[in-house]
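input26.csv (CSV, C-alpha atoms) appears below.
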```csv
chain,number,residue,atom,x,y,z
A,67,MET,CA,122.7,30.0,102.2
A,68,ARG,CA,121.2,28.2,105.1
A,69,LEU,CA,123.1,25.2,106.5
A,70,GLU,CA,120.4,22.8,105.6
A,71,GLU,CA,120.7,23.9,102.0
A,72,ARG,CA,124.5,23.4,102.1
A,73,LEU,CA,124.0,19.9,103.4
A,74,GLY,CA,121.7,19.2,100.5
A,75,GLN,CA,124.6,19.8,98.1
A,76,ILE,CA,126.6,16.8,99.4
A,77,ILE,CA,126.3,13.6,97.4
A,78,PRO,CA,128.0,10.2,97.9
A,79,VAL,CA,131.4,9.6,96.4
A,80,SER,CA,131.5,7.8,93.1
A,81,GLU,CA,131.6,4.0,93.6
A,82,GLU,CA,132.3,3.6,89.9
A,83,ALA,CA,135.5,5.6,90.1
A,84,MET,CA,136.5,3.8,93.2
A,85,GLU,CA,136.1,0.4,91.5
A,86,GLN,CA,138.2,1.7,88.5
A,87,ALA,CA,140.9,2.7,90.9
A,88,ARG,CA,140.9,-0.7,92.6
A,89,MET,CA,141.2,-2.3,89.2
A,90,ARG,CA,144.2,0.0,88.4
A,91,TRP,CA,145.9,-1.0,91.7
A,92,SER,CA,145.3,-4.7,90.8
A,93,HIS,CA,147.3,-4.3,87.6
A,94,VAL,CA,150.2,-2.3,89.1
A,95,ALA,CA,153.3,-4.6,89.2
A,96,LYS,CA,153.5,-5.3,92.9
A,97,PRO,CA,151.8,-7.7,95.4
A,98,LEU,CA,148.1,-7.1,95.8
A,99,GLY,CA,147.1,-4.6,98.5
A,100,SER,CA,150.8,-4.3,99.6
A,101,LEU,CA,150.5,-0.6,100.3
A,102,GLY,CA,147.6,-1.1,102.6
A,103,VAL,CA,145.9,2.0,103.9
A,104,LEU,CA,147.7,4.1,101.3
A,105,GLU,CA,146.0,2.2,98.5
A,106,GLU,CA,142.7,2.7,100.2
A,107,ALA,CA,143.3,6.4,100.4
A,108,VAL,CA,144.0,6.7,96.7
A,109,VAL,CA,140.9,4.7,95.9
A,110,LYS,CA,138.9,7.1,98.1
A,111,ILE,CA,140.4,10.1,96.3
A,112,ALA,CA,139.3,8.7,93.0
A,113,GLY,CA,135.8,8.4,94.3
A,114,ILE,CA,135.8,11.9,95.6
A,115,GLN,CA,137.2,13.4,92.4
A,116,ARG,CA,134.9,11.1,90.4
A,117,ARG,CA,137.7,9.9,88.1
A,118,GLU,CA,140.2,7.1,87.9
A,119,ARG,CA,143.2,9.4,87.2
A,120,ILE,CA,143.5,11.3,90.5
A,121,CYS,CA,145.3,14.6,91.0
A,122,ILE,CA,146.7,15.9,94.3
A,123,ASP,CA,149.4,18.2,93.0
A,124,LYS,CA,148.3,21.3,94.8
A,125,LYS,CA,147.8,20.9,98.6
A,126,ALA,CA,147.0,23.2,101.5
A,127,LEU,CA,147.0,22.9,105.2
A,128,VAL,CA,144.2,25.0,106.8
A,129,ILE,CA,144.9,25.8,110.4
A,130,MET,CA,141.9,27.1,112.4
A,131,CYS,CA,143.0,29.4,115.3
A,132,ALA,CA,140.7,30.4,118.2
A,133,ASP,CA,140.7,30.8,121.9
A,134,ASN,CA,138.5,29.0,124.5
A,135,GLY,CA,137.1,30.7,127.6
A,136,VAL,CA,137.3,27.4,129.5
A,137,VAL,CA,141.0,28.1,129.9
A,138,ALA,CA,140.0,30.2,132.9
A,139,GLU,CA,139.2,26.9,134.7
A,140,GLN,CA,142.9,25.9,134.8
A,141,VAL,CA,142.5,23.0,132.4
A,142,THR,CA,145.7,23.8,130.6
A,143,GLN,CA,149.4,24.1,131.5
A,144,THR,CA,149.9,27.3,129.5
A,145,GLY,CA,147.9,30.6,129.3
A,146,GLN,CA,145.5,31.8,126.6
A,147,GLU,CA,148.1,34.2,125.2
A,148,VAL,CA,150.0,31.3,123.7
A,149,THR,CA,147.3,31.0,121.0
A,150,ALA,CA,148.1,34.4,119.6
A,151,VAL,CA,151.9,33.8,119.7
A,152,VAL,CA,151.7,30.5,117.8
A,153,THR,CA,149.2,31.9,115.3
A,154,GLU,CA,151.7,34.7,114.5
A,155,ASN,CA,154.4,32.0,114.2
A,156,PHE,CA,152.4,30.3,111.5
A,157,THR,CA,152.4,33.5,109.4
A,158,ARG,CA,156.2,33.6,109.6
A,159,GLY,CA,156.4,29.9,108.7
A,160,ASP,CA,158.0,29.3,112.1
A,161,SER,CA,156.2,26.4,113.6
A,162,CYS,CA,156.4,22.6,113.6
A,163,ALA,CA,153.5,22.3,111.1
A,164,CYS,CA,154.9,25.0,108.8
A,165,ILE,CA,158.4,23.4,108.7
A,166,MET,CA,156.9,20.0,108.0
A,167,ALA,CA,154.5,21.5,105.4
A,168,ARG,CA,157.5,22.9,103.5
A,169,GLN,CA,159.1,19.5,103.4
A,170,ALA,CA,155.8,18.0,102.2
A,171,GLY,CA,155.2,20.6,99.5
A,172,VAL,CA,152.0,21.9,101.2
A,173,ASP,CA,150.9,25.5,101.4
A,174,VAL,CA,149.9,26.7,104.9
A,175,VAL,CA,146.7,28.8,105.4
A,176,PRO,CA,146.4,30.1,109.0
A,177,VAL,CA,142.9,31.4,109.8
A,178,ASP,CA,142.0,33.7,112.7
A,179,ILE,CA,138.5,32.6,113.4
A,180,GLY,CA,138.4,33.5,117.1
A,181,VAL,CA,141.8,34.4,118.6
A,182,ALA,CA,141.2,36.5,121.8
A,183,SER,CA,143.4,39.4,120.6
A,184,ASP,CA,144.1,41.4,117.5
A,185,LEU,CA,147.0,40.0,115.6
A,186,GLU,CA,149.0,42.9,114.1
A,187,SER,CA,152.6,41.8,114.0
A,188,CYS,CA,152.2,39.0,111.5
A,189,GLY,CA,154.6,37.7,109.0
A,190,ASN,CA,154.2,37.3,105.2
A,191,THR,CA,155.4,33.8,104.7
A,192,CYS,CA,152.0,32.3,105.3
A,193,PRO,CA,149.6,35.3,105.2
A,194,LEU,CA,146.9,35.2,107.9
A,195,ILE,CA,143.3,34.8,106.8
A,196,ARG,CA,141.2,37.1,109.0
A,197,ARG,CA,137.8,35.7,109.7
A,198,LYS,CA,137.4,36.5,113.4
A,199,ILE,CA,133.9,35.8,114.7
A,200,ALA,CA,134.5,36.6,118.3
A,201,TYR,CA,137.4,37.2,120.7
A,202,GLY,CA,137.4,33.6,121.9
A,203,THR,CA,134.5,31.7,123.4
A,204,LYS,CA,132.8,32.0,126.7
A,205,ASN,CA,133.7,29.7,129.6
A,206,MET,CA,131.6,26.6,129.0
A,207,ARG,CA,131.7,25.6,132.6
A,208,THR,CA,129.5,28.6,133.5
A,209,GLU,CA,127.7,29.5,130.2
A,210,PRO,CA,127.4,28.2,126.6
A,211,ALA,CA,130.6,28.6,124.7
A,212,MET,CA,128.9,30.3,121.8
A,213,THR,CA,125.5,31.3,120.5
A,214,ARG,CA,124.0,29.2,117.9
A,215,ALA,CA,124.3,32.0,115.4
A,216,GLU,CA,128.1,32.3,116.1
A,217,THR,CA,128.4,28.5,115.6
A,218,GLU,CA,126.6,28.5,112.3
A,219,LYS,CA,128.6,31.5,111.1
A,220,ALA,CA,131.9,29.7,112.0
A,221,ILE,CA,130.7,26.6,110.0
A,222,GLU,CA,129.7,28.8,107.1
A,223,THR,CA,133.2,30.5,107.3
A,224,GLY,CA,134.8,27.1,106.9
A,225,ILE,CA,132.6,26.2,103.9
A,226,CYS,CA,133.3,29.4,102.1
A,227,LEU,CA,137.0,29.2,102.7
A,228,THR,CA,137.1,25.7,101.3
A,229,ALA,CA,135.2,26.9,98.2
A,230,ASP,CA,137.8,29.8,97.8
A,231,LEU,CA,140.7,27.3,98.0
A,232,LYS,CA,139.0,25.1,95.4
A,233,LYS,CA,138.7,28.1,93.1
A,234,GLN,CA,142.4,28.7,93.6
A,235,GLY,CA,143.2,25.3,92.2
A,236,TYR,CA,143.8,23.3,95.3
A,237,ASP,CA,143.2,19.5,94.8
A,238,LEU,CA,143.4,18.4,98.5
A,239,LEU,CA,143.2,20.0,101.9
A,240,ALA,CA,144.6,19.0,105.2
A,241,VAL,CA,143.5,20.5,108.5
A,242,GLY,CA,145.0,21.6,111.7
A,243,GLU,CA,144.2,23.9,114.6
A,244,MET,CA,145.6,26.2,117.3
A,245,GLY,CA,143.7,27.1,120.4
A,246,ILE,CA,144.8,26.6,124.0
A,247,GLY,CA,142.1,24.6,125.7
A,248,ASN,CA,140.8,22.9,122.6
A,249,THR,CA,141.5,19.3,123.8
A,250,THR,CA,139.0,20.1,126.5
A,251,THR,CA,136.3,21.3,124.1
A,252,SER,CA,137.1,18.4,121.8
A,253,SER,CA,136.6,15.8,124.5
A,254,ALA,CA,133.4,17.5,125.5
A,255,VAL,CA,132.0,17.4,122.0
A,256,ALA,CA,133.2,13.8,121.4
A,257,SER,CA,131.7,12.6,124.7
A,258,VAL,CA,128.2,13.9,123.7
A,259,LEU,CA,128.3,12.7,120.1
A,260,LEU,CA,129.7,9.3,121.0
A,261,GLY,CA,127.4,8.9,124.0
A,262,MET,CA,130.4,8.1,126.3
A,263,GLU,CA,131.6,9.3,129.6
A,264,SER,CA,133.9,12.2,129.1
A,265,SER,CA,136.5,10.7,131.6
A,266,LEU,CA,137.1,7.9,129.1
A,267,LEU,CA,137.9,10.3,126.3
A,268,THR,CA,139.9,13.0,128.1
A,269,GLY,CA,143.7,13.0,128.0
A,270,ARG,CA,146.5,15.2,129.3
A,271,GLY,CA,146.5,17.5,126.3
A,272,ALA,CA,149.8,19.5,126.3
A,273,GLY,CA,151.2,17.8,129.4
A,274,LEU,CA,148.8,18.1,132.4
A,275,SER,CA,149.7,16.6,135.8
A,276,ASP,CA,147.5,14.1,137.4
A,277,GLU,CA,145.8,16.9,139.3
A,278,GLY,CA,145.3,18.9,136.2
A,279,LEU,CA,143.8,16.0,134.3
A,280,ALA,CA,141.3,15.3,137.1
A,281,ARG,CA,140.4,19.0,137.0
A,282,LYS,CA,139.9,18.9,133.3
A,283,ARG,CA,137.7,15.9,133.4
A,284,GLU,CA,135.6,17.5,136.2
A,285,VAL,CA,135.1,20.7,134.2
A,286,ILE,CA,134.0,18.8,131.1
A,287,SER,CA,131.5,16.7,133.1
A,288,GLU,CA,130.1,19.8,134.8
A,289,ALA,CA,129.7,21.7,131.5
A,290,VAL,CA,127.9,18.8,129.8
A,291,SER,CA,125.6,18.3,132.8
A,292,LEU,CA,124.9,22.1,133.0
A,293,HIS,CA,124.1,22.7,129.4
A,294,ARG,CA,122.7,19.3,128.4
A,295,PRO,CA,123.7,19.6,124.7
A,296,ASP,CA,121.5,17.6,122.3
A,297,PRO,CA,123.4,14.7,120.8
A,298,GLU,CA,120.9,14.7,117.9
A,299,ASP,CA,121.8,18.3,117.1
A,300,PRO,CA,125.6,18.8,116.4
A,301,VAL,CA,125.2,22.5,116.1
A,302,ASP,CA,123.8,22.6,119.6
A,303,VAL,CA,126.6,20.5,120.9
A,304,LEU,CA,129.3,22.7,119.3
A,305,SER,CA,127.6,25.9,120.5
A,306,LYS,CA,127.4,24.8,124.1
A,307,VAL,CA,130.7,22.9,124.7
A,308,GLY,CA,132.7,23.4,121.5
A,309,GLY,CA,134.8,26.2,120.1
A,310,LEU,CA,135.1,28.4,117.1
A,311,ASP,CA,138.1,26.4,115.8
A,312,LEU,CA,136.0,23.2,115.9
A,313,ALA,CA,133.0,24.8,114.2
A,314,GLY,CA,135.3,26.3,111.5
A,315,LEU,CA,136.8,22.8,110.9
A,316,VAL,CA,133.3,21.4,110.6
A,317,GLY,CA,132.8,23.8,107.8
A,318,VAL,CA,136.0,22.8,106.0
A,319,PHE,CA,134.9,19.1,106.2
A,320,LEU,CA,131.4,20.0,104.8
A,321,GLY,CA,133.0,22.3,102.3
A,322,GLY,CA,135.3,19.6,101.0
A,323,ALA,CA,132.3,17.3,100.5
A,324,ILE,CA,130.4,20.1,98.7
A,325,CYS,CA,133.4,20.9,96.5
A,326,ARG,CA,134.3,17.2,96.0
A,327,MET,CA,137.7,17.7,97.5
A,328,PRO,CA,139.4,15.3,99.9
A,329,VAL,CA,140.2,16.6,103.3
A,330,VAL,CA,142.9,15.0,105.5
A,331,LEU,CA,142.3,14.9,109.3
A,332,ASP,CA,145.1,15.6,111.8
A,333,GLY,CA,144.6,14.5,115.4
A,334,VAL,CA,141.8,14.3,118.0
A,335,ILE,CA,140.6,17.9,117.7
A,336,THR,CA,140.1,17.7,114.0
A,337,ALA,CA,138.6,14.2,114.5
A,338,ALA,CA,136.0,15.6,116.9
A,339,ALA,CA,135.1,18.3,114.3
A,340,ALA,CA,134.9,15.6,111.6
A,341,LEU,CA,132.5,13.6,113.9
A,342,ALA,CA,130.3,16.6,114.2
A,343,ALA,CA,130.3,17.1,110.4
A,344,CYS,CA,129.4,13.5,109.8
A,345,CYS,CA,126.6,13.7,112.3
A,346,LEU,CA,125.2,16.6,110.3
A,347,CYS,CA,125.7,14.8,107.0
A,348,PRO,CA,126.8,11.1,107.0
A,349,HIS,CA,127.9,11.3,103.3
A,350,ALA,CA,130.7,13.7,104.4
A,351,ALA,CA,132.6,10.7,105.8
A,352,GLY,CA,133.3,9.6,102.2
A,353,TYR,CA,135.4,12.8,101.7
A,354,LEU,CA,137.6,12.3,104.8
A,355,ILE,CA,141.1,10.7,105.0
A,356,ALA,CA,142.7,9.9,108.4
A,357,SER,CA,146.4,10.6,108.7
A,358,HIS,CA,147.3,9.3,112.1
A,359,VAL,CA,145.9,8.0,115.4
A,360,SER,CA,146.2,10.6,118.1
A,361,ALA,CA,147.7,9.7,121.5
A,362,GLU,CA,144.7,11.3,123.1
A,363,PRO,CA,142.2,8.7,124.3
A,364,ALA,CA,139.3,9.9,122.0
A,365,GLY,CA,141.4,9.7,118.8
A,366,ARG,CA,141.1,6.0,118.1
A,367,LEU,CA,137.5,5.9,119.2
A,368,ILE,CA,136.4,8.7,116.9
A,369,LEU,CA,138.2,7.2,113.9
A,370,LYS,CA,136.5,3.9,114.6
A,371,ARG,CA,133.1,5.6,114.7
A,372,LEU,CA,133.8,7.3,111.4
A,373,GLY,CA,135.0,4.1,109.8
A,374,LEU,CA,138.4,5.6,109.0
A,375,LYS,CA,141.8,3.9,109.1
A,376,ALA,CA,145.0,5.9,109.7
A,377,ALA,CA,148.4,5.1,108.1
A,378,VAL,CA,150.4,6.5,111.1
A,379,ASP,CA,150.2,5.3,114.7
A,380,GLY,CA,153.2,6.9,116.3
A,381,GLY,CA,151.9,8.5,119.5
A,382,LEU,CA,151.7,11.9,118.0
A,383,CYS,CA,149.8,14.6,119.9
A,384,LEU,CA,151.2,18.0,118.9
A,385,GLY,CA,148.4,19.3,116.8
A,386,GLU,CA,148.6,22.2,114.3
A,387,GLY,CA,148.3,19.7,111.4
A,388,THR,CA,151.7,18.0,112.2
A,389,GLY,CA,150.3,14.4,111.9
A,390,ALA,CA,148.7,15.3,108.6
A,391,MET,CA,151.9,16.7,107.3
A,392,ALA,CA,153.8,13.6,108.4
A,393,PHE,CA,151.3,11.5,106.4
A,394,MET,CA,151.3,13.8,103.3
A,395,PRO,CA,154.6,12.5,101.7
A,396,MET,CA,153.4,8.9,102.1
A,397,LEU,CA,150.2,9.8,100.3
A,398,SER,CA,152.1,11.6,97.5
A,399,MET,CA,154.3,8.6,97.1
A,400,ALA,CA,151.3,6.2,96.9
A,401,ALA,CA,149.7,8.5,94.3
A,402,ASP,CA,152.9,8.5,92.2
A,403,ILE,CA,153.1,4.7,92.3
A,404,TYR,CA,149.4,4.4,91.3
A,405,LEU,CA,149.7,6.9,88.4
A,406,HIS,CA,153.1,6.0,87.0
A,407,MET,CA,154.3,2.5,87.9
A,408,SER,CA,154.3,-0.2,85.2
A,409,THR,CA,151.6,-2.8,85.0
A,410,PHE,CA,152.2,-6.5,85.0
A,411,GLU,CA,151.1,-6.5,81.3
A,412,GLU,CA,153.7,-3.8,80.4
A,413,ILE,CA,156.6,-5.8,82.0
A,414,ARG,CA,155.2,-9.1,80.6
A,415,ILE,CA,154.9,-11.1,83.8
A,416,GLU,CA,151.9,-12.8,85.2
A,417,GLU,CA,149.6,-10.8,87.5
A,418,TYR,CA,149.1,-11.7,91.1
A,419,ARG,CA,145.7,-13.3,91.8
A,420,PRO,CA,143.6,-13.0,95.0
A,421,LEU,CA,143.7,-16.4,96.7
```

Now that the file is in, can you turn its structure into structure tokens?
Amino acid sequence: MRLEERLGQIIPVSEEAMEQARMRWSHVAKPLGSLGVLEEAVVKIAGIQRRERICIDKKALVIMCADNGVVAEQVTQTGQEVTAVVTENFTRGDSCACIMARQAGVDVVPVDIGVASDLESCGNTCPLIRRKIAYGTKNMRTEPAMTRAETEKAIETGICLTADLKKQGYDLLAVGEMGIGNTTTSSAVASVLLGMESSLLTGRGAGLSDEGLARKREVISEAVSLHRPDPEDPVDVLSKVGGLDLAGLVGVFLGGAICRMPVVLDGVITAAAALAACCLCPHAAGYLIASHVSAEPAGRLILKRLGLKAAVDGGLCLGEGTGAMAFMPMLSMAADIYLHMSTFEEIRIEEYRPL
């Protein structure tokens, strides 16, 4: 199915269900609005699932893994080989995100959408989903990162994967990523789609020095100037200065909207992909939930553009989906309160009134 047809399947969330959820919250025996952003997240889930009684019992963390040719420009502290090592660690359940996911009761789904090597020695704890489109992207400083066809295929891969997880009974997805160099691609994509200077959006990633940060900003600026990605065409932006992981994440966000399933963002990289998804289809924003505010400069700016408020603002910048996993127990607690706590009427005391 063509991308345009996919986008036509996305409809706005249910305002009626959201209003019913707000009414339910107003009757729960606690001060009005006292759970803040967590209450808003539950209301949004009701709108997404189009019912007052939400269900988020079965949850998965989808981690898109891919390499980026721009690493050749010395924009990272570590080498490209780290992507494969960490991806294999996901399959063994041996990573920060996997350990946090176990605590949060979330299944981990690592996806090889563009790792630059064949992953053969993988574990069975979190089986690898093999959807490799290319062995990494090209170096965006000298040539477009991907062809348009590769980009569209990566988006379609994310959409189809989300549909498969929906069929498996998952109620909610969170997203993460692994790809050395992807804070560079994310800053490039965000700068074009936000219409801002890349230097204002580009941070140190995984610990760059002052010299390394200056180099990273220079490379992004040169790539954007060379390829002139069209800000009105998110697929063009992704293909020229993005990555396979970003494009796959765009597909997951669009797939969540198509399948009427909430998707929880992680940090700045997933936020950049969410921005691209919402530029393709503004209704997709209704299906997104922010977990935390990334320490990277672009994180807060992208969330503001998307109209999303995060529950956690703790300076996190690890990636992999770790911020989303830190948020997940909070969301589960809020859902339990919403579904099971007594109402004012049941305990026979007067309700709070908005003043």

**Q.** Which of A:Thr388, A:Ser408, A:Ser291, A:Ser252 sits closest to Ala338 in chain A [using only C-alpha atoms]
**A.** A:Ser252

For range 253-325 of chain A versus range 124-131 of chain A, which residues have an atom no more than 7 Å away, and what is each residue's nearest atom pair and distance in Å rounded to one decimal, using all atoms listed in the file, chain-then-number order, as a Markdown table?
```
| residue | atom | partner | partner_atom | distance |
| --- | --- | --- | --- | --- |
| A:Asp311 | CA | A:Met130 | CA | 5.1 |
| A:Gly314 | CA | A:Met130 | CA | 6.7 |
| A:Leu315 | CA | A:Met130 | CA | 6.8 |
```

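Proximity to Tyr236 in chain A was assessed for A:Pro420, A:Gly333, A:Gly381, A:Pro328 counting all atoms listed in the file; the smallest distance is recorded for A:Pro328.
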
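Nearest to Glu216 in chain A of all the residues A:Val152, A:Leu304, A:Ala401, A:Leu274 is A:Leu304, based on all atoms listed in the file.
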
Q) Distance CA of Asn248 in chain A-CA of Gln169 in chain A, one decimal place? A) 26.7 Å

Q) For Ala289 in chain A, which residue out of A:Gly317, A:Gly113, A:Pro210, A:Pro176 is the nearest one, using all atoms listed in the file? A)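 Selected residue with least distance to Ala289 in chain A: A:Pro210.
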
As a PDB file, in the coordinates of the input, please: range 394-404 of chain A completed to all heavy atoms.
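Generated file (result32.pdb):
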```pdb
ATOM      1  N   MET A 394     151.486  13.267 104.645  1.00  0.00           N
ATOM      2  CA  MET A 394     151.300  13.800 103.300  1.00  0.00           C
ATOM      3  C   MET A 394     152.385  13.211 102.303  1.00  0.00           C
ATOM      4  O   MET A 394     152.037  12.823 101.168  1.00  0.00           O
ATOM      5  CB  MET A 394     151.370  15.290 103.276  1.00  0.00           C
ATOM      6  CG  MET A 394     150.671  15.914 102.088  1.00  0.00           C
ATOM      7  SD  MET A 394     148.914  15.488 102.005  1.00  0.00           S
ATOM      8  CE  MET A 394     148.298  16.455 103.369  1.00  0.00           C
ATOM      9  N   PRO A 395     153.678  13.110 102.670  1.00  0.00           N
ATOM     10  CA  PRO A 395     154.600  12.500 101.700  1.00  0.00           C
ATOM     11  C   PRO A 395     154.283  11.061 101.395  1.00  0.00           C
ATOM     12  O   PRO A 395     154.470  10.610 100.257  1.00  0.00           O
ATOM     13  CB  PRO A 395     155.973  12.617 102.449  1.00  0.00           C
ATOM     14  CG  PRO A 395     155.796  13.742 103.414  1.00  0.00           C
ATOM     15  CD  PRO A 395     154.363  13.652 103.851  1.00  0.00           C
ATOM     16  N   MET A 396     153.776  10.328 102.363  1.00  0.00           N
ATOM     17  CA  MET A 396     153.400   8.900 102.100  1.00  0.00           C
ATOM     18  C   MET A 396     152.255   8.878 101.092  1.00  0.00           C
ATOM     19  O   MET A 396     152.258   8.048 100.181  1.00  0.00           O
ATOM     20  CB  MET A 396     152.927   8.285 103.427  1.00  0.00           C
ATOM     21  CG  MET A 396     153.993   8.228 104.503  1.00  0.00           C
ATOM     22  SD  MET A 396     153.319   7.682 106.095  1.00  0.00           S
ATOM     23  CE  MET A 396     152.916   5.978 105.716  1.00  0.00           C
ATOM     24  N   LEU A 397     151.286   9.789 101.241  1.00  0.00           N
ATOM     25  CA  LEU A 397     150.200   9.800 100.300  1.00  0.00           C
ATOM     26  C   LEU A 397     150.646  10.200  98.904  1.00  0.00           C
ATOM     27  O   LEU A 397     150.214   9.603  97.907  1.00  0.00           O
ATOM     28  CB  LEU A 397     149.108  10.812 100.794  1.00  0.00           C
ATOM     29  CG  LEU A 397     147.861  10.956  99.927  1.00  0.00           C
ATOM     30  CD1 LEU A 397     147.117   9.630  99.826  1.00  0.00           C
ATOM     31  CD2 LEU A 397     146.937  12.038 100.496  1.00  0.00           C
ATOM     32  N   SER A 398     151.556  11.175  98.819  1.00  0.00           N
ATOM     33  CA  SER A 398     152.100  11.600  97.500  1.00  0.00           C
ATOM     34  C   SER A 398     152.847  10.455  96.855  1.00  0.00           C
ATOM     35  O   SER A 398     152.743  10.245  95.634  1.00  0.00           O
ATOM     36  CB  SER A 398     153.000  12.809  97.694  1.00  0.00           C
ATOM     37  OG  SER A 398     152.269  13.932  98.146  1.00  0.00           O
ATOM     38  N   MET A 399     153.623   9.707  97.635  1.00  0.00           N
ATOM     39  CA  MET A 399     154.300   8.600  97.100  1.00  0.00           C
ATOM     40  C   MET A 399     153.376   7.512  96.537  1.00  0.00           C
ATOM     41  O   MET A 399     153.573   6.966  95.439  1.00  0.00           O
ATOM     42  CB  MET A 399     155.226   7.931  98.165  1.00  0.00           C
ATOM     43  CG  MET A 399     156.408   8.770  98.588  1.00  0.00           C
ATOM     44  SD  MET A 399     157.263   7.977  99.986  1.00  0.00           S
ATOM     45  CE  MET A 399     158.288   9.329 100.549  1.00  0.00           C
ATOM     46  N   ALA A 400     152.333   7.228  97.314  1.00  0.00           N
ATOM     47  CA  ALA A 400     151.300   6.200  96.900  1.00  0.00           C
ATOM     48  C   ALA A 400     150.668   6.688  95.581  1.00  0.00           C
ATOM     49  O   ALA A 400     150.445   5.877  94.667  1.00  0.00           O
ATOM     50  CB  ALA A 400     150.317   6.005  97.968  1.00  0.00           C
ATOM     51  N   ALA A 401     150.340   7.973  95.495  1.00  0.00           N
ATOM     52  CA  ALA A 401     149.700   8.500  94.300  1.00  0.00           C
ATOM     53  C   ALA A 401     150.621   8.365  93.076  1.00  0.00           C
ATOM     54  O   ALA A 401     150.176   8.015  91.972  1.00  0.00           O
ATOM     55  CB  ALA A 401     149.295   9.955  94.502  1.00  0.00           C
ATOM     56  N   ASP A 402     151.919   8.628  93.263  1.00  0.00           N
ATOM     57  CA  ASP A 402     152.900   8.500  92.200  1.00  0.00           C
ATOM     58  C   ASP A 402     152.982   7.050  91.690  1.00  0.00           C
ATOM     59  O   ASP A 402     153.057   6.771  90.489  1.00  0.00           O
ATOM     60  CB  ASP A 402     154.243   9.018  92.584  1.00  0.00           C
ATOM     61  CG  ASP A 402     154.351  10.532  92.475  1.00  0.00           C
ATOM     62  OD1 ASP A 402     153.426  11.148  91.911  1.00  0.00           O
ATOM     63  OD2 ASP A 402     155.350  11.095  92.962  1.00  0.00           O
ATOM     64  N   ILE A 403     153.012   6.120  92.640  1.00  0.00           N
ATOM     65  CA  ILE A 403     153.100   4.700  92.300  1.00  0.00           C
ATOM     66  C   ILE A 403     151.804   4.334  91.484  1.00  0.00           C
ATOM     67  O   ILE A 403     151.867   3.678  90.434  1.00  0.00           O
ATOM     68  CB  ILE A 403     153.190   3.831  93.535  1.00  0.00           C
ATOM     69  CG1 ILE A 403     154.563   4.040  94.177  1.00  0.00           C
ATOM     70  CG2 ILE A 403     152.976   2.351  93.197  1.00  0.00           C
ATOM     71  CD1 ILE A 403     154.681   3.446  95.563  1.00  0.00           C
ATOM     72  N   TYR A 404     150.661   4.750  91.989  1.00  0.00           N
ATOM     73  CA  TYR A 404     149.400   4.400  91.300  1.00  0.00           C
ATOM     74  C   TYR A 404     149.324   4.995  89.920  1.00  0.00           C
ATOM     75  O   TYR A 404     148.841   4.325  88.996  1.00  0.00           O
ATOM     76  CB  TYR A 404     148.263   5.064  92.186  1.00  0.00           C
ATOM     77  CG  TYR A 404     146.893   5.054  91.571  1.00  0.00           C
ATOM     78  CD1 TYR A 404     146.096   3.918  91.612  1.00  0.00           C
ATOM     79  CD2 TYR A 404     146.375   6.206  90.965  1.00  0.00           C
ATOM     80  CE1 TYR A 404     144.828   3.914  91.058  1.00  0.00           C
ATOM     81  CE2 TYR A 404     145.110   6.212  90.414  1.00  0.00           C
ATOM     82  CZ  TYR A 404     144.338   5.067  90.453  1.00  0.00           C
ATOM     83  OH  TYR A 404     143.076   5.071  89.911  1.00  0.00           O
TER      84      TYR A 404
END
```
